Amino acid sequence: MQRREFIRSAGSLSGGLVLAIHTSARGITVHKPGSPTPDALAPETSGAGILGDFIRINPNGDVLYQFVKHEMGQGVSTAMAQILAEELCADWEKVKIMFPAADMKRYQNDKNGGHDTGGSCTIIYQWDLLRNAGAAARQMLIAAAAKQWNAPADKCYAENGFVLLKGSAKKLSFGDLAHAASLEPVPAIVKPKEPDQYQLIGKPKTNKLIPRIVTGELQYSLDVKVPGMFYALVARCPVFKGKLKSFDATEAMKVAGARKVFSTKPIAGLQLNAPYMPYDIREGVAVVADSFWAAKQMQAKLVIEWDEGVNGHLSSEDFEKMAWKRATHRTDPTGYTGDENAVSDLQHIRKTLRASYVYPQQLHSCMEPLNCTAHAGESDCEIWIGSQAPHLIDSEIRRVFGFAEGKIRINLFPSGGGFGRRYYPDMALEAAFISKGAGNVPVKMVWTREDDHQCNLGHLFQHMEYQAALDKDNNLYAWYEKEIRTYTWAAKYIDPKLPSMAYDIPNVRYDFEDMIDEELVHSSAWRGVDGHGRFYGECFIDEIAAALKKDPLEFRLSMLKGGRDVFIGDPEPVHGSRILGVLQLAAEKAKWGEKLQPGQGKGIAVCPYGNNYCAVIADVTMEDQKLTVNKITIAVDCGRVINPSGAENQLIGGIVWSLTALYYGGLPIKNGRAVQTNFHENKLLRMYECPPMQVHFVTTKEDKPGGVGEISSPLGVPAVLNAIYAASGKRIRKIPLALYDITSG
Amino acid sequence: MGALPRQLFIPMAKIRIQINSRVYETDVDPGMPLLWVIRDFAGLTGTKYGCGIGQCGACTVHLDGHAVRSCSIPVSAVQNQIVTTIEGLSSDGTHPLQIAWQQEDVPQCGYCQAGQIMNAAALLMQNPQPSDADITMGMSGNLCRCGTYQRIHQAIKKASLATK
């Protein structure tokens with residue numbers, strides 16, 4: 001998985017304990033009481049206390065964790081708060097999560113970790129940073145208490161929101177010490193706790209936001225109300241790369257509450273210069289009204305003529321045919337080990353297996369529809385949004401509108417799902433443009449679900465072409481894999497790489513070709529990104545096992561003997577020993593090898609993701625065309641688990657994600673237009689078809705935590721497809737199952 | 001359910017509607033879905049917009065205690081029934097479902113959860129001790145993209161046992 005593109009500067013991360021505190025933009029900085037703070041906080045936070053980049057402590061003892069990454073349901077704000085509170089020795093009940101506005105100077109740098117959120121990286125990046133920040137603040141609180149007691153600091157210790165003096169009954173609360181502690185110098189050296197002292201890290205803690213969620217109090221950006229705000233929708237071209245020819249707003253302007261109608265052409269187009277993440281804004285017509293409902297009526301009443309452009313007559317079938325052509329055409333290898341032509345070397349090979357797998361484009365379907373509120377001025381702009389990458393919003397708005405640095409204020413909110421879609425700055429650009437066009441007034445721009453389904457960025461397309469060659473002893477001699485994909489972070493791979501597996505195959509070759517220019521919907525990052533198509537390799541391993549009449553688990557184990565490390569071109573090799581660990585745990589918990597009922601079958605899929613490992617075993621029953629998933633067993637090795645409850649949520653959620661794609665997914669296009677308009681056509685998994693799932697964590701020696709936001713999401717598809725084969729002999733190489741009249745429940 | 005048929009010139013109507021413990025009076029298009037009256041006019045944003053066609057359940061509120069999809073009901077159709085939103089489910093977050101949701105660590109992004117809870121609350125009002133199948137059937141109209149179904153199920157079970 002190309003997570004290295006998300007890792008902007010792993011090498012320069014403040015990993016050293018001393019460095020994290022000793023540099024200018026630190027995990028904790030100190031403001032004098034009364035000095036202006038960079039963001040407007042609620043009244044309760046304006047009292048004197050320790051002010052820092054991540055921690056504020058009020059006189060009443062509340063510890064306000066300034067969460068500057070994006071909370072989109074991964075529960076990472078809670079897990080990060082646990083790390084911070086652990087080192088701080090805070091009272092967990094007094095820890096609250098705040099979402100401050102973006103601050104490019106303060107946070108968007110490697111020393112403070114950045115605002116951007118993606119690639120399952122947050123926990124990895126923030127681990128050292130937050131431990132150091134918490135430990136530094138703790139030392140400052142202790143120093144303040146020691147001063148008050150006239151006692152040596154090494155006789156004082158912090159616990160549960162208090163500083164205590166050993167051998168006495170003296171104690172002072174963090175709230176009482178906050179002001180004095182803020183006057184202490186930030187320590188040059190900090191000493192984080194030893195793991196055997198952990199009280200919070202590693203414990204299941206319920207999500208801190210729940211009290212606000214279950215009462216409807218938690219604000220998402222769709223809930224924002226700014227005084228004087230208008231509402232806008234955009235009628236976007238239904239065909240990617242199409243153009244706006246003309247529009248008639250006469251009827252639209254007759255809607256009660258209608259304000260203005262204008263074209264969004266000036267900001268539209270494929271933004272290929274956006275660093276790393278090229279995005280698209282479709283040409284369209286914006287309507288502005290004084291209510292969402294009026295805007296929706298206006299949108300429906302626009303009469304628009306489109307020039308549908310190059311994609312207007314094309315369908316998904318046409319695109320997939322183009323991909324087939326590319327797939328079966330040999331190119332130069334992108335990466336290989338051994339002999340790059342081994343799969344054709346008749347001196348060694350005796351039998352060849354081939355298979356083609358297709359993972360169609362998908363919709364993100366975030367439950368909170370895309371939206372952004374913007375108030376543009378002559379030379380500045382204020383934004384309200386839930387965003388995985390505020391720095392891209394900042395730089396893109398400045399580029400497009402010519403604003404100076406520091407002139408964009410971005411108010412950040414947790415979102416109703418990001419899944420990669422909310423990394424892109426397009427909706428902020430649309431909203432800012434509309435705000436300007438409406439007369440520099442605040443405008444909330446909302447995407448309806450129909451807009452979301454029909455005029456959006458999609459997940460990337462992958463066609464995987466596999467070929468395996470067996471030698472005269474029926475050993476797997478060569479593995480050839482070609483990936484055709486619509487999305488890359490750059491136009492072509494720069495670096496060689498191999499498939500993400502640790503199987504002991506003497507000759508492995510990986511080819512890659514992009515089809516960015518031919519895509520019918522602009523591709524973007526979706527939870528799990530390129531892992532989805534690439535872990536079809538787990539299905540092909542099963543095909544080889546079947547050809548050799550070997551049990552899929554035994555076959556994998558036989559090729560992982562010794563658990564070797566395999567360098568595949570990423571900074572971290574694939575650790576075969578850790579693949580073995582999750583495979584064996586999953587197999588044990590799923591009771592692999594037990595006697596099965598008629599029609600029952602089990603399937604495995606295992607993968608590395610970053611420096612984490614996951615194995616999924618699906619237990620299914622096939623009765624004619626009816627599939628029942630009896631159980632899903634998930635085993636994961638993600639290093640130190642910060643919050644087992646939150647991690648379990650992510651792993652189970654990832655399987656629901658993949659089962660949706662498996663049963664119903666896709667983004668079918670006909671005549672350039674998306675066929676599915678809303679959830680009645682583009683189905684998501686529902687409770688009645690959600691199988692029972694269990695998560696098991698491998699006991700690991702890894703000290704650092706790993707991210708689990710995405711890791712299980714590529715594995716549901718191959719695990720269930722393998723199980724379907726085991727149960728019925730049906731080999732399926734393209735999803736969704738709806739294509740084969742297989743029903744699920 | 002698609003857009004309602006309408007004339008071009010829509011007479012605004014004075015709408016009087018009780019939401020939770022307050023009565024709201026406002027001039028709106030009588031065809032405006034209840035959802036937008038709740039969110040934009042009463043300012044109660046706990047009830048969410050997810051699809052607009054009654055497919056996702058994020059907009060679920062109670063009309064006289066019955067769960068309805070507020071995106072698919074024109075405000076004019078609400079006569080004298082009391083509308084209850086998530087904000088009115090309890091005065092202090094202590095409805096057994098809200099407690100169970102906390103204990104089971106149910107939500108992920110949280111966006112669908114008000115609709116889930118309101119749907120579950122109506123389910124429990126009608127059927128205080130639902131079976132697993134009752135829960136699954138009753139809740140399958142509510143979508144969750146994050147995939148919290150397993151814990152939703154457990155939380156409803158827990159809440160029903162707590163009020164036994």
# chains A, B, ... in the order shown; residues from 1 in each chain; ligands from 1
>>> closest_atom_pairs(of="chain A", to="chain B", cutoff="6 Å", atoms="only C-alpha atoms", output="CSV")
residue,atom,partner,partner_atom,distance
A:Met72,CA,B:Cys109,CA,5.2
A:Gly73,CA,B:Cys109,CA,3.4
A:Thr206,CA,B:Asp105,CA,5.0
A:Ile213,CA,B:Gly110,CA,5.9
A:Val214,CA,B:Gln98,CA,5.8
A:Thr215,CA,B:Glu87,CA,5.5
A:Gly216,CA,B:Gly46,CA,3.8
A:Asp223,CA,B:Thr45,CA,5.8
A:Met367,CA,B:Gly50,CA,5.7
A:Gly416,CA,B:Tyr111,CA,4.8
A:Gly417,CA,B:Cys109,CA,5.8
A:Arg449,CA,B:Cys51,CA,5.2
A:Gly653,CA,B:Gly147,CA,4.4
A:Val656,CA,B:Gly147,CA,5.3
A:Arg686,CA,B:Ser140,CA,5.5
A:Met687,CA,B:Ser140,CA,5.0
A:Tyr688,CA,B:Thr136,CA,5.5
>>> residues_around(residues="Gly75 in chain A", least_positions_apart="2", cutoff="12 Å", atoms="only C-alpha atoms", output="number ranges by chain")
A: 67, 69-73, 77-82, 97, 120, 122-123, 204-210, 414-415, 417, 642-651, 653, 707-709; B: 105-110, 146
>>> residues_around(residues="Phe162 in chain A", least_positions_apart="2", cutoff="12 Å", atoms="only C-alpha atoms", output="PDB file with N, CA and C atoms, in the first residue's frame")
ATOM      1  N   GLY A  61      -9.697  22.219  36.795  1.00  0.00           N
ATOM      2  CA  GLY A  61      -9.059  20.914  36.629  1.00  0.00           C
ATOM      3  C   GLY A  61      -9.390  20.202  35.328  1.00  0.00           C
ATOM      4  N   ASP A  62     -10.276  20.777  34.516  1.00  0.00           N
ATOM      5  CA  ASP A  62     -10.569  20.147  33.232  1.00  0.00           C
ATOM      6  C   ASP A  62      -9.319  20.168  32.355  1.00  0.00           C
ATOM      7  N   LEU A  88       0.412  12.641  31.301  1.00  0.00           N
ATOM      8  CA  LEU A  88       0.093  13.788  32.148  1.00  0.00           C
ATOM      9  C   LEU A  88      -0.296  13.314  33.554  1.00  0.00           C
ATOM     10  N   CYS A  89      -0.761  12.042  33.635  1.00  0.00           N
ATOM     11  CA  CYS A  89      -1.348  11.496  34.859  1.00  0.00           C
ATOM     12  C   CYS A  89      -2.623  12.260  35.214  1.00  0.00           C
ATOM     13  N   ALA A  90      -3.404  12.526  34.205  1.00  0.00           N
ATOM     14  CA  ALA A  90      -4.650  13.258  34.395  1.00  0.00           C
ATOM     15  C   ALA A  90      -5.742  12.325  34.911  1.00  0.00           C
ATOM     16  N   ASP A  91      -6.771  12.949  35.450  1.00  0.00           N
ATOM     17  CA  ASP A  91      -7.996  12.227  35.787  1.00  0.00           C
ATOM     18  C   ASP A  91      -8.754  12.061  34.480  1.00  0.00           C
ATOM     19  N   TRP A  92      -8.911  10.840  34.007  1.00  0.00           N
ATOM     20  CA  TRP A  92      -9.523  10.596  32.706  1.00  0.00           C
ATOM     21  C   TRP A  92     -10.914  11.210  32.620  1.00  0.00           C
ATOM     22  N   LYS A  94     -11.845  13.921  33.660  1.00  0.00           N
ATOM     23  CA  LYS A  94     -11.796  15.372  33.444  1.00  0.00           C
ATOM     24  C   LYS A  94     -11.197  15.741  32.089  1.00  0.00           C
ATOM     25  N   ARG A 138       3.364  17.366  32.806  1.00  0.00           N
ATOM     26  CA  ARG A 138       3.381  16.744  34.132  1.00  0.00           C
ATOM     27  C   ARG A 138       4.558  17.271  34.945  1.00  0.00           C
ATOM     28  N   LEU A 141       3.851  20.752  36.183  1.00  0.00           N
ATOM     29  CA  LEU A 141       2.915  20.745  37.308  1.00  0.00           C
ATOM     30  C   LEU A 141       3.634  20.332  38.588  1.00  0.00           C
ATOM     31  N   ILE A 142       4.471  19.320  38.478  1.00  0.00           N
ATOM     32  CA  ILE A 142       5.237  18.859  39.646  1.00  0.00           C
ATOM     33  C   ILE A 142       6.173  19.957  40.130  1.00  0.00           C
ATOM     34  N   ALA A 144       5.800  23.110  39.870  1.00  0.00           N
ATOM     35  CA  ALA A 144       5.011  24.154  40.528  1.00  0.00           C
ATOM     36  C   ALA A 144       4.625  23.734  41.933  1.00  0.00           C
ATOM     37  N   ALA A 145       4.209  22.476  42.071  1.00  0.00           N
ATOM     38  CA  ALA A 145       3.819  21.978  43.396  1.00  0.00           C
ATOM     39  C   ALA A 145       5.026  21.959  44.338  1.00  0.00           C
ATOM     40  N   CYS A 156       8.008  14.489  44.645  1.00  0.00           N
ATOM     41  CA  CYS A 156       6.619  14.707  44.242  1.00  0.00           C
ATOM     42  C   CYS A 156       6.278  13.801  43.066  1.00  0.00           C
ATOM     43  N   TYR A 157       5.018  13.462  42.955  1.00  0.00           N
ATOM     44  CA  TYR A 157       4.589  12.667  41.813  1.00  0.00           C
ATOM     45  C   TYR A 157       3.153  13.034  41.454  1.00  0.00           C
ATOM     46  N   ALA A 158       2.788  12.728  40.244  1.00  0.00           N
ATOM     47  CA  ALA A 158       1.452  13.069  39.753  1.00  0.00           C
ATOM     48  C   ALA A 158       0.619  11.807  39.631  1.00  0.00           C
ATOM     49  N   GLU A 159      -0.639  11.946  39.947  1.00  0.00           N
ATOM     50  CA  GLU A 159      -1.547  10.788  39.868  1.00  0.00           C
ATOM     51  C   GLU A 159      -2.970  11.307  39.768  1.00  0.00           C
ATOM     52  N   ASN A 160      -3.667  10.857  38.740  1.00  0.00           N
ATOM     53  CA  ASN A 160      -5.106  11.087  38.650  1.00  0.00           C
ATOM     54  C   ASN A 160      -5.525  12.545  38.835  1.00  0.00           C
ATOM     55  N   LEU A 164       1.199  14.939  44.323  1.00  0.00           N
ATOM     56  CA  LEU A 164       1.287  14.547  45.734  1.00  0.00           C
ATOM     57  C   LEU A 164       2.727  14.571  46.206  1.00  0.00           C
ATOM     58  N   LEU A 165       2.870  14.739  47.494  1.00  0.00           N
ATOM     59  CA  LEU A 165       4.201  14.741  48.090  1.00  0.00           C
ATOM     60  C   LEU A 165       4.363  13.437  48.863  1.00  0.00           C
ATOM     61  N   ALA A 169       0.578  13.968  53.493  1.00  0.00           N
ATOM     62  CA  ALA A 169      -0.800  13.986  53.001  1.00  0.00           C
ATOM     63  C   ALA A 169      -1.022  15.135  52.038  1.00  0.00           C
ATOM     64  N   LYS A 170       0.063  15.827  51.702  1.00  0.00           N
ATOM     65  CA  LYS A 170      -0.073  17.014  50.860  1.00  0.00           C
ATOM     66  C   LYS A 170      -0.447  16.617  49.438  1.00  0.00           C
ATOM     67  N   LYS A 171      -1.454  17.317  48.915  1.00  0.00           N
ATOM     68  CA  LYS A 171      -1.747  17.151  47.499  1.00  0.00           C
ATOM     69  C   LYS A 171      -2.388  18.417  46.954  1.00  0.00           C
ATOM     70  N   LEU A 172      -2.133  18.657  45.681  1.00  0.00           N
ATOM     71  CA  LEU A 172      -2.690  19.809  44.988  1.00  0.00           C
ATOM     72  C   LEU A 172      -3.257  19.342  43.650  1.00  0.00           C
ATOM     73  N   SER A 173      -4.425  19.863  43.303  1.00  0.00           N
ATOM     74  CA  SER A 173      -5.034  19.428  42.040  1.00  0.00           C
ATOM     75  C   SER A 173      -4.382  20.157  40.867  1.00  0.00           C
ATOM     76  N   PHE A 174      -4.474  19.560  39.695  1.00  0.00           N
ATOM     77  CA  PHE A 174      -3.961  20.185  38.478  1.00  0.00           C
ATOM     78  C   PHE A 174      -4.608  21.552  38.285  1.00  0.00           C
ATOM     79  N   GLY A 175      -5.885  21.643  38.612  1.00  0.00           N
ATOM     80  CA  GLY A 175      -6.590  22.905  38.455  1.00  0.00           C
ATOM     81  C   GLY A 175      -5.962  23.995  39.320  1.00  0.00           C
ATOM     82  N   ASP A 176      -5.637  23.646  40.550  1.00  0.00           N
ATOM     83  CA  ASP A 176      -5.020  24.615  41.457  1.00  0.00           C
ATOM     84  C   ASP A 176      -3.614  24.984  41.010  1.00  0.00           C
ATOM     85  N   LEU A 177      -2.953  24.050  40.338  1.00  0.00           N
ATOM     86  CA  LEU A 177      -1.550  24.274  39.954  1.00  0.00           C
ATOM     87  C   LEU A 177      -1.399  24.875  38.567  1.00  0.00           C
ATOM     88  N   ALA A 178      -2.484  24.885  37.809  1.00  0.00           N
ATOM     89  CA  ALA A 178      -2.355  25.189  36.380  1.00  0.00           C
ATOM     90  C   ALA A 178      -1.671  26.530  36.121  1.00  0.00           C
TER      91      ALA A 178
END
>>> atom_distance(atom1="CA of Gly639 in chain A", atom2="CA of Asn722 in chain A")
27.6 Å
>>> residues_around(residues="range 352-363 of chain A", least_positions_apart="5", cutoff="7 Å", atoms="only C-alpha atoms", output="list in words")
Gly458, His459, Leu460, Phe461, Gln462, His463, Met464, Glu465, Tyr466, Gln467, Ala468, Ala469, Leu470, Gly533, Tyr536, Gly665, Gly666, Leu667, Arg733, Lys734 and Ile735 of chain A
>>> select_by_dssp(residues="range 439-679 of chain A", states="helix (DSSP H, G or I)", output="ChimeraX atom specification")
/A:449-454,516-518,531-534,537-547,552-558,576-589,644-664
>>> atom_distance(atom1="CA of Asp703 in chain A", atom2="CA of Gly563 in chain A")
19.9 Å
>>> residues_around(residues="Ala235 in chain A", least_positions_apart="5", cutoff="12 Å", atoms="only C-alpha atoms", output="count of residues only")
40
>>> atom_distance(atom1="CA of Pro691 in chain A", atom2="CA of Lys631 in chain A")
5.7 Å
